[in-house]
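Engineer: File protein33.cif below, mmCIF, C-alpha atoms:
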```
data_final
loop_
_atom_site.label_atom_id
_atom_site.label_comp_id
_atom_site.auth_asym_id
_atom_site.auth_seq_id
_atom_site.Cartn_x
_atom_site.Cartn_y
_atom_site.Cartn_z
CA MET A 3 101.17 162.87 238.13
CA ALA A 4 100.47 161.16 241.39
CA GLU A 5 96.83 160.73 240.45
CA GLN A 6 97.80 159.17 237.17
CA ALA A 7 100.12 156.74 238.93
CA ASN A 8 97.36 155.88 241.35
CA ALA A 9 94.94 155.23 238.53
CA ALA A 10 97.46 153.02 236.79
CA SER A 11 98.18 151.01 239.92
CA ALA A 12 94.46 150.65 240.54
CA VAL A 13 94.09 149.07 237.11
CA MET A 14 96.95 146.67 237.72
CA LYS A 15 97.09 144.49 240.80
CA PRO A 16 98.78 146.03 243.85
CA LYS A 17 102.56 145.86 243.58
CA LEU A 18 104.11 143.33 245.94
CA SER A 19 107.76 143.13 246.88
CA ILE A 20 109.88 140.22 245.62
CA VAL A 21 109.76 138.61 249.04
CA GLU A 22 105.97 138.90 249.16
CA GLU A 23 105.71 137.47 245.65
CA PHE A 24 107.89 134.53 246.59
CA VAL A 25 105.94 133.88 249.77
CA ALA A 26 102.64 134.08 247.87
CA GLY A 27 103.94 131.60 245.27
CA ALA A 28 105.34 129.27 247.91
CA LYS A 29 101.98 129.36 249.69
CA LYS A 30 100.29 128.41 246.42
CA GLY A 31 102.76 125.53 246.17
CA PHE A 32 101.90 124.41 249.69
CA TYR A 33 98.20 124.37 248.89
CA ILE A 34 98.75 122.45 245.64
CA GLY A 35 100.65 119.94 247.73
CA ALA A 36 97.94 119.69 250.35
CA GLU A 37 94.92 119.83 248.06
CA MET A 38 96.09 117.95 244.97
CA ILE A 39 99.31 116.02 245.49
CA ALA A 40 98.79 114.48 248.92
CA PRO A 41 95.28 113.14 248.13
CA ALA A 42 96.54 111.83 244.77
CA MET A 43 99.49 110.14 246.44
CA VAL A 44 97.32 108.44 249.05
CA LEU A 45 94.99 107.25 246.30
CA ALA A 46 97.83 106.04 244.08
CA TYR A 47 99.57 104.13 246.85
CA VAL A 48 96.33 102.48 247.99
CA LEU A 49 95.44 101.59 244.38
CA ILE A 50 98.81 100.02 243.72
CA LEU A 51 98.70 98.09 246.97
CA PHE A 52 95.21 96.84 246.09
CA LEU A 53 96.25 95.77 242.58
CA ASP A 54 99.32 94.16 244.04
CA ILE A 55 97.56 92.15 246.75
CA THR A 56 94.77 90.99 244.43
CA GLY A 57 97.28 89.96 241.77
CA LEU A 58 95.57 92.17 239.18
CA MET A 59 98.79 94.05 238.59
CA THR A 60 100.54 90.94 237.27
CA ILE A 61 97.60 90.12 234.98
CA VAL A 62 97.36 93.66 233.58
CA GLY A 63 101.11 93.82 233.20
CA ARG A 64 101.30 90.56 231.30
CA ALA A 65 98.40 91.43 229.00
CA LEU A 66 99.80 94.80 228.01
CA SER A 67 103.48 94.09 227.86
CA PRO A 68 103.63 93.82 224.03
CA VAL A 69 102.05 97.27 223.62
CA MET A 70 104.12 98.95 226.29
CA ALA A 71 107.31 97.37 224.99
CA VAL A 72 107.12 99.77 222.03
CA PHE A 73 107.85 102.57 224.49
CA GLY A 74 110.50 100.63 226.34
CA LEU A 75 108.15 100.10 229.27
CA PRO A 76 106.90 97.01 231.11
CA GLY A 77 103.17 96.22 230.93
CA GLU A 78 102.57 97.42 234.50
CA ALA A 79 103.40 100.97 233.40
CA ILE A 80 99.92 101.25 231.85
CA VAL A 81 98.54 101.73 235.37
CA ALA A 82 100.32 105.08 235.57
CA LEU A 83 98.85 106.20 232.25
CA VAL A 84 95.34 105.14 233.25
CA ALA A 85 95.72 107.07 236.52
CA ALA A 86 97.04 110.06 234.55
CA PHE A 87 93.87 110.05 232.43
CA PHE A 88 91.96 110.99 235.59
CA ALA A 89 94.57 113.37 237.03
CA LYS A 90 98.10 114.36 236.12
CA ALA A 91 99.12 114.17 239.77
CA ALA A 92 97.72 110.67 240.17
CA GLY A 93 99.58 109.49 237.06
CA CYS A 94 102.89 110.89 238.25
CA ALA A 95 102.31 109.58 241.77
CA THR A 96 101.52 106.12 240.39
CA ALA A 97 104.66 106.13 238.25
CA ALA A 98 106.67 107.10 241.34
CA THR A 99 105.06 104.25 243.27
CA LEU A 100 105.86 101.75 240.51
CA TYR A 101 109.45 102.94 240.70
CA SER A 102 109.66 102.63 244.48
CA LYS A 103 108.26 99.08 244.19
CA GLY A 104 110.94 98.21 241.66
CA LEU A 105 108.45 97.53 238.84
CA ILE A 106 109.97 100.20 236.60
CA THR A 107 113.47 101.69 236.47
CA ALA A 108 114.34 105.38 236.83
CA PRO A 109 114.73 105.86 233.03
CA GLN A 110 111.34 104.17 232.54
CA ALA A 111 109.80 106.52 235.10
CA THR A 112 111.38 109.36 233.14
CA ILE A 113 109.62 108.15 229.97
CA LEU A 114 106.28 108.16 231.81
CA PHE A 115 106.86 111.63 233.30
CA PRO A 116 106.18 113.86 230.24
CA ALA A 117 103.45 111.49 229.06
CA CYS A 118 101.54 111.78 232.36
CA VAL A 119 101.71 115.57 232.18
CA THR A 120 100.80 115.65 228.48
CA MET A 121 97.65 113.49 228.59
CA GLY A 122 96.83 113.98 232.26
CA THR A 123 93.50 115.26 233.62
CA LEU A 124 92.03 114.77 230.16
CA ILE A 125 88.40 115.44 231.06
CA GLY A 126 89.02 118.12 233.67
CA HIS A 127 91.16 120.16 231.35
CA PHE A 128 88.79 119.56 228.46
CA VAL A 129 86.30 121.62 230.42
CA ARG A 130 88.82 124.16 231.64
CA ILE A 131 90.45 124.77 228.26
CA VAL A 132 88.40 123.51 225.32
CA ILE A 133 85.02 124.51 226.72
CA VAL A 134 86.19 127.76 228.33
CA SER A 135 87.96 128.94 225.18
CA ASN A 136 84.72 128.18 223.34
CA ALA A 137 86.44 126.17 220.60
CA ASN A 138 84.30 125.02 217.68
CA LYS A 139 82.19 121.99 218.78
CA LYS A 140 82.79 120.32 215.43
CA TRP A 141 86.42 119.73 216.42
CA HIS A 142 85.88 118.61 220.02
CA PRO A 143 86.55 114.90 219.30
CA LEU A 144 89.70 115.85 217.40
CA LEU A 145 90.89 118.03 220.27
CA LEU A 146 90.19 115.26 222.76
CA ALA A 147 92.43 112.88 220.82
CA ILE A 148 95.37 115.26 220.51
CA PRO A 149 96.78 114.94 224.06
CA ILE A 150 96.77 111.14 223.71
CA VAL A 151 98.57 111.32 220.37
CA ASP A 152 101.03 113.78 221.89
CA ALA A 153 101.60 111.48 224.87
CA VAL A 154 102.42 108.54 222.60
CA VAL A 155 104.89 110.70 220.67
CA VAL A 156 106.49 112.13 223.79
CA MET A 157 107.14 108.64 225.19
CA LEU A 158 108.93 107.63 222.00
CA LEU A 159 110.77 110.94 221.93
CA THR A 160 111.91 110.64 225.55
CA ARG A 161 113.06 107.12 224.88
CA VAL A 162 115.17 108.37 221.97
CA VAL A 163 116.61 111.22 224.07
CA LEU A 164 117.53 108.77 226.85
CA ASN A 165 119.20 106.48 224.35
CA VAL A 166 121.12 109.32 222.73
CA MET A 167 122.30 110.57 226.13
CA GLY A 168 123.20 107.02 227.13
CA LEU A 169 120.92 107.13 230.18
CA ALA A 170 118.60 104.29 229.28
CA MET B 29 94.85 153.28 226.26
CA PRO B 30 98.14 154.48 227.76
CA GLU B 31 98.00 152.00 230.66
CA GLN B 32 97.84 149.13 228.22
CA LYS B 33 100.98 150.31 226.46
CA ASP B 34 102.83 150.69 229.76
CA ALA B 35 101.84 147.21 230.82
CA TYR B 36 103.38 145.74 227.69
CA LYS B 37 106.77 147.39 228.16
CA VAL B 38 109.47 144.81 228.79
CA THR B 39 112.13 145.87 231.27
CA TRP B 40 115.64 144.45 231.69
CA LYS B 41 114.34 142.87 234.88
CA GLY B 42 111.87 140.91 232.82
CA TRP B 43 114.56 139.61 230.49
CA LEU B 44 116.90 138.80 233.38
CA SER B 45 114.25 136.96 235.37
CA LEU B 46 113.23 134.96 232.29
CA LEU B 47 116.86 134.07 231.60
CA ILE B 48 117.50 133.00 235.20
CA LEU B 49 114.29 130.96 235.26
CA ILE B 50 115.20 129.12 232.05
CA VAL B 51 118.80 128.51 233.18
CA SER B 52 117.67 127.38 236.61
CA PHE B 53 115.07 124.88 235.35
CA SER B 54 117.18 123.60 232.46
CA GLY B 55 119.74 122.05 234.79
CA VAL B 56 122.71 123.25 232.72
CA PHE B 57 124.71 124.23 235.81
CA ALA B 58 123.66 121.32 238.02
CA LYS B 59 126.88 119.38 237.53
CA THR B 60 129.34 122.30 237.51
CA ASP B 61 131.70 122.90 240.43
CA GLY B 62 131.80 126.71 240.56
CA PRO B 63 129.40 129.14 242.23
CA LEU B 64 127.13 128.96 239.14
CA ARG B 65 125.66 125.82 240.73
CA ALA B 66 123.82 128.22 242.99
CA LEU B 67 121.58 129.10 240.03
CA ASP B 68 120.33 125.57 239.54
CA PHE B 69 116.85 124.71 240.74
CA GLN B 70 117.58 121.12 241.77
CA VAL B 71 120.77 122.13 243.59
CA LEU B 72 118.92 124.79 245.57
CA THR B 73 116.08 122.39 246.35
CA GLY B 74 118.71 120.51 248.31
CA GLU B 75 118.45 117.22 250.16
CA PHE B 76 116.66 115.88 253.21
CA GLY B 77 118.81 114.90 256.17
CA GLN B 78 119.22 111.19 256.75
CA VAL B 79 117.85 109.48 259.84
CA ALA B 80 119.88 106.37 259.07
CA ASN B 81 122.38 105.52 256.38
CA GLY B 82 120.73 106.47 253.08
CA ILE B 83 117.24 106.68 254.58
CA VAL B 84 115.35 109.99 254.90
CA PHE B 85 112.56 110.72 257.37
CA THR B 86 109.93 108.84 255.35
CA GLY B 87 111.57 105.60 256.42
CA LYS B 88 111.96 102.46 254.38
CA GLY B 89 109.52 99.74 253.35
CA GLY B 90 106.27 101.62 253.95
CA VAL B 91 103.19 100.73 251.88
CA GLY B 92 99.65 101.94 251.28
CA ALA B 93 98.00 105.21 252.29
CA ARG B 94 100.53 105.91 255.04
CA GLU B 95 103.48 105.62 252.70
CA GLY B 96 101.65 107.71 250.10
CA PHE B 97 101.14 110.45 252.63
CA MET B 98 104.75 110.34 253.82
CA PHE B 99 105.95 110.56 250.24
CA ALA B 100 103.65 113.52 249.58
CA LEU B 101 105.29 115.29 252.53
CA THR B 102 108.69 115.10 250.83
CA LEU B 103 107.31 117.05 247.85
CA PHE B 104 106.24 120.16 249.71
CA PRO B 105 109.65 121.92 249.69
CA THR B 106 110.05 121.46 245.90
CA LEU B 107 106.55 122.68 245.20
CA MET B 108 106.82 125.73 247.45
CA PHE B 109 110.23 126.66 246.08
CA ALA B 110 109.26 126.18 242.43
CA LEU B 111 106.01 128.11 242.58
CA GLY B 112 107.69 130.84 244.63
CA CYS B 113 110.32 131.27 241.90
CA ILE B 114 107.73 131.26 239.12
CA ASN B 115 105.67 133.85 240.95
CA VAL B 116 108.66 136.16 241.41
CA ALA B 117 109.69 135.80 237.76
CA GLU B 118 106.13 136.56 236.63
CA SER B 119 105.93 139.65 238.82
CA MET B 120 109.22 140.93 237.40
CA GLY B 121 107.83 140.75 233.90
CA ALA B 122 109.22 137.42 232.67
CA LEU B 123 105.91 136.72 230.92
CA ARG B 124 106.11 139.99 228.98
CA ALA B 125 109.69 139.25 227.97
CA ALA B 126 108.71 135.77 226.85
CA GLU B 127 105.83 137.23 224.87
CA LYS B 128 108.21 139.52 223.00
CA LEU B 129 110.48 136.55 222.35
CA PHE B 130 107.77 134.25 221.03
CA ARG B 131 105.50 136.70 219.21
CA PRO B 132 107.39 136.53 215.86
CA ILE B 133 107.50 132.74 215.74
CA LEU B 134 103.82 132.00 216.41
CA ARG B 135 102.66 132.53 212.82
CA PRO B 136 105.30 130.37 211.10
CA PHE B 137 105.40 127.64 213.77
CA MET B 138 101.73 127.29 214.62
CA GLY B 139 99.78 129.41 212.19
CA ILE B 140 98.28 131.61 214.89
CA PRO B 141 98.49 135.41 215.01
CA GLY B 142 101.26 137.18 216.93
CA ALA B 143 98.59 138.92 218.99
CA SER B 144 98.08 135.65 220.83
CA GLY B 145 101.59 136.00 222.29
CA LEU B 146 100.50 136.82 225.82
CA ALA B 147 97.89 134.05 225.88
CA PHE B 148 100.54 131.68 224.48
CA VAL B 149 103.04 132.53 227.18
CA SER B 150 100.46 132.59 229.98
CA SER B 151 99.26 129.13 228.96
CA PHE B 152 102.61 127.75 230.14
CA THR B 153 101.88 128.58 233.75
CA SER B 154 98.08 128.61 233.90
CA SER B 155 95.51 126.54 232.01
CA ASP B 156 92.68 128.90 232.80
CA VAL B 157 94.31 132.24 231.99
CA GLY B 158 95.35 130.99 228.55
CA ALA B 159 91.89 129.63 227.78
CA VAL B 160 90.07 132.77 228.87
CA MET B 161 92.43 134.98 226.85
CA THR B 162 91.92 132.79 223.77
CA LYS B 163 88.17 133.19 224.00
CA GLY B 164 88.68 136.95 224.24
CA LEU B 165 90.96 137.01 221.19
CA VAL B 166 88.29 135.43 218.99
CA GLU B 167 85.57 137.66 220.40
CA ASP B 168 87.75 140.69 219.63
CA LYS B 169 88.20 139.36 216.07
CA MET B 170 91.97 139.08 216.53
CA MET B 171 91.87 135.36 215.85
CA THR B 172 89.72 133.19 213.58
CA ASP B 173 87.72 130.19 214.75
CA GLU B 174 90.10 127.86 212.94
CA GLU B 175 93.16 129.44 214.54
CA ARG B 176 91.47 129.02 217.89
CA THR B 177 91.09 125.29 217.32
CA ILE B 178 94.81 125.03 216.57
CA PHE B 179 95.72 127.15 219.56
CA VAL B 180 93.43 125.18 221.89
CA ALA B 181 95.01 121.92 220.70
CA PHE B 182 98.33 123.41 221.75
CA GLN B 183 97.09 124.51 225.17
CA TYR B 184 95.07 121.40 225.96
CA ALA B 185 97.82 118.80 225.65
CA GLY B 186 100.20 119.10 228.58
CA SER B 187 98.27 122.09 229.84
CA ALA B 188 100.28 124.63 231.86
CA PRO B 189 103.43 122.52 231.40
CA VAL B 190 105.68 124.63 233.62
CA THR B 191 103.38 124.67 236.63
CA ASN B 192 102.18 121.11 236.15
CA THR B 193 105.59 119.53 235.64
CA PHE B 194 106.65 120.96 238.99
CA GLY B 195 103.28 120.77 240.69
CA THR B 196 101.48 117.61 239.67
CA GLY B 197 104.73 115.97 238.54
CA ALA B 198 106.46 116.61 241.85
CA ALA B 199 106.52 112.90 242.68
CA LEU B 200 108.69 112.16 239.65
CA LEU B 201 111.12 115.07 239.98
CA PRO B 202 113.55 113.26 242.29
CA ILE B 203 113.32 110.07 240.19
CA SER B 204 113.66 111.52 236.68
CA VAL B 205 117.08 110.97 235.11
CA LEU B 206 116.56 113.99 232.85
CA PRO B 207 116.63 117.56 234.24
CA VAL B 208 113.18 119.08 234.68
CA GLY B 209 113.94 121.66 231.97
CA VAL B 210 114.41 118.87 229.44
CA ILE B 211 111.11 117.27 230.48
CA ILE B 212 109.29 120.58 229.95
CA ALA B 213 111.06 121.05 226.61
CA LEU B 214 109.96 117.58 225.46
CA ILE B 215 106.37 118.34 226.42
CA CYS B 216 106.55 121.61 224.49
CA VAL B 217 107.88 119.83 221.40
CA VAL B 218 104.87 117.50 221.29
CA LYS B 219 102.51 120.36 222.08
CA PHE B 220 103.73 122.11 218.92
CA LEU B 221 103.49 118.87 217.04
CA GLY B 222 99.90 118.25 218.13
CA ALA B 223 98.87 121.78 217.22
CA ASN B 224 100.40 121.35 213.80
CA LEU B 225 98.61 118.04 213.30
CA VAL B 226 95.35 119.89 213.90
CA ARG B 227 96.54 122.68 211.60
CA LEU B 228 97.22 120.20 208.80
CA TYR B 229 93.97 118.36 209.39
CA LEU B 230 91.94 121.57 209.26
CA LYS B 231 93.71 122.65 206.09
CA TRP B 232 93.08 119.27 204.49
CA HIS B 233 89.46 119.34 205.61
CA ALA B 234 88.94 122.86 204.28
CA ALA B 235 90.46 121.94 200.93
CA LYS B 236 88.18 118.90 200.71
CA ALA B 237 85.13 120.98 201.66
CA ARG B 238 86.07 123.60 199.05
CA ALA B 239 86.37 120.95 196.36
CA ALA B 240 82.99 119.43 197.29
CA GLY B 241 81.32 122.81 197.84
CA GLY B 242 82.61 124.11 194.54
CA GLY B 243 80.79 121.32 192.77
CA ILE B 244 77.48 122.12 194.43
CA ASP B 245 77.66 125.87 194.16
CA GLY B 246 78.67 125.53 190.57
#
```
Before we go any further, please render this structure as structure tokens.
Structural biologist:
Amino acid sequence: MAEQANAASAVMKPKLSIVEEFVAGAKKGFYIGAEMIAPAMVLAYVLILFLDITGLMTIVGRALSPVMAVFGLPGEAIVALVAAFFAKAAGCATAATLYSKGLITAPQATILFPACVTMGTLIGHFVRIVIVSNANKKWHPLLLAIPIVDAVVVMLLTRVVLNVMGLA
Amino acid sequence: MPEQKDAYKVTWKGWLSLLILIVSFSGVFAKTDGPLRALDFQVLTGEFGQVANGIVFTGKGGVGAREGFMFALTLFPTLMFALGCINVAESMGALRAAEKLFRPILRPFMGIPGASGLAFVSSFTSSDVGAVMTKGLVEDKMMTDEERTIFVAFQYAGSAPVTNTFGTGAALLPISVLPVGVIIALICVVKFLGANLVRLYLKWHAAKARAAGGGIDG
């Protein structure tokens, strides 16, 4: 009996207590913060400041405002989506920066939130998911387009939800 | 293998931890007055103390790299708390419970076999685990190549939505006017939608190929 139990526990990972599990998870959270979020935030804030000082932000914003208006967003919001293309964290951090600078409102930041997560880290996750799962190469371009399509839909969907809930 | 069977058994702890996790992240009790508030994730995340009226330790009016770093510091408690909770729920068998819950709906909703239940559920908290399991499913002939393409479309968009909404989206959590559970739900809706777009496209493509192929093969 005991041997059997030992064999079973050897197959599975060693059993940790709830406290140990929580601490392990919290530690993971700390490292994500230190290794992914903090660098992304520094980058996003520097980028926004750069675009702001050079005046590029106003130009980009003006050029894209008709497109972004479909989603109930100002033209400047595109910066968050471009940043999200490179990394989810950078996209979300950029959206948060736009909010703190008063360029977008809280409901507009909410519209960007699911979109940044949906289409974020497009290339990185292409490798980690599409390549790793060994999906048929024939459909790679199709798969690459899906997160972008989903992001467009989720922005419209979030906008509708905000309107229905009277939060927009 | 007996071990395998044991590993798939869902305990009441698994169901309970899944229920608490969903309730906690959905924000349903955030605005209530009673002790049930104590179950809500945002409520338990709490607030920073103020160093001046309405201003937390990050100060006011900062810009550039320094402000970015200070802002990142404010996200650590949320991240640590969220991932701690997810880890505990996983260890108590929440993933197994979720698998049991979702297994019957995978075929009708996404056209993928019920056997992909564990990979499906795991893909919510880890991009890599889901992808590796999917590869294994096809290699073990439990899933066709076409089903894999549909399933990968699901996993790829908004990959690991639970972990990433809390983790990489941490900066937007305090700003969002919708509870984090709603944000995750919205992402999941479009994930299903995207997978079904691929499903339809593949079906259409196969039908077209059959029509053309039929002509050639005679």
Engineer: For chain B, which of A:Ala89, A:Ile106, A:Ile131, A:Leu53 is the closest residue, counting only C-alpha atoms?
Structural biologist: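 When distances to chain B are compared using only C-alpha atoms, the smallest one comes from A:Ile131.
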Engineer: Which value, in Å to one decimal, gives the distance between atom CA of B:Asp61 and atom CA of B:Gly74?
Structural biologist: 15.4 Å
Engineer: Which residues, named as in the file, does the PyMOL selection byres ((chain B and resi 139-154) around 6) pick out? Answer as a PDB file with C-alpha atoms, in the frame of the given file.
Structural biologist:
```
ATOM      1  CA  GLU B 127     105.830 137.230 224.870  1.00  0.00           C
ATOM      2  CA  ARG B 131     105.500 136.700 219.210  1.00  0.00           C
ATOM      3  CA  LEU B 134     103.820 132.000 216.410  1.00  0.00           C
ATOM      4  CA  ARG B 135     102.660 132.530 212.820  1.00  0.00           C
ATOM      5  CA  PRO B 136     105.300 130.370 211.100  1.00  0.00           C
ATOM      6  CA  MET B 138     101.730 127.290 214.620  1.00  0.00           C
ATOM      7  CA  SER B 155      95.510 126.540 232.010  1.00  0.00           C
ATOM      8  CA  ASP B 156      92.680 128.900 232.800  1.00  0.00           C
ATOM      9  CA  VAL B 157      94.310 132.240 231.990  1.00  0.00           C
ATOM     10  CA  GLY B 158      95.350 130.990 228.550  1.00  0.00           C
ATOM     11  CA  MET B 161      92.430 134.980 226.850  1.00  0.00           C
ATOM     12  CA  GLU B 175      93.160 129.440 214.540  1.00  0.00           C
ATOM     13  CA  ALA B 188     100.280 124.630 231.860  1.00  0.00           C
ATOM     14  CA  PRO B 189     103.430 122.520 231.400  1.00  0.00           C
ATOM     15  CA  VAL B 190     105.680 124.630 233.620  1.00  0.00           C
ATOM     16  CA  THR B 191     103.380 124.670 236.630  1.00  0.00           C
TER      17      THR B 191
END
```
Engineer: Record the distance separating atom CA of A:Glu22 and atom CA of B:Ala110, expressed in Å with one decimal.
Structural biologist: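 Result for atom CA of A:Glu22 versus atom CA of B:Ala110: 14.8 Å, one decimal.
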Engineer: Run the PyMOL selection byres ((chain B and resi 106) around 10) against the file shown and list the residues it catches, as a PyMOL selection string.
Structural biologist: (chain A and resi 28+31-32+35) or (chain B and resi 69-70+72-74+102-105+107-112+194-195+198-199+201-202)
Engineer: Any idea what the distance is between atom CA of A:Lys103 and atom CA of A:Met70?
Structural biologist: 18.4 Å
Engineer: Box for stretch 15-27 of chain A: with edges along x, y and z, all listed atoms inside and 6 Å added on each side, what are the centre and edge lengths in Å to one decimal, as AutoDock Vina command-line options?
Structural biologist:
```
--center_x 103.5 --center_y 138.8 --center_z 245.3 --size_x 24.8 --size_y 26.4 --size_z 21.0
```
Engineer: Quick one: which residues from chain B are at most 7 Å off chain A, using only C-alpha atoms, as JSON, numbers by chain?
Structural biologist: {"B": [31, 92, 93, 96, 97, 100, 104, 107, 108, 109, 111, 112, 113, 115, 116, 155, 156, 159, 160, 162, 163, 173, 176, 177, 180, 181, 184, 185, 186, 192, 193, 195, 196, 197, 199, 200, 203, 204, 205, 206, 211, 214, 215, 218, 219, 222]}
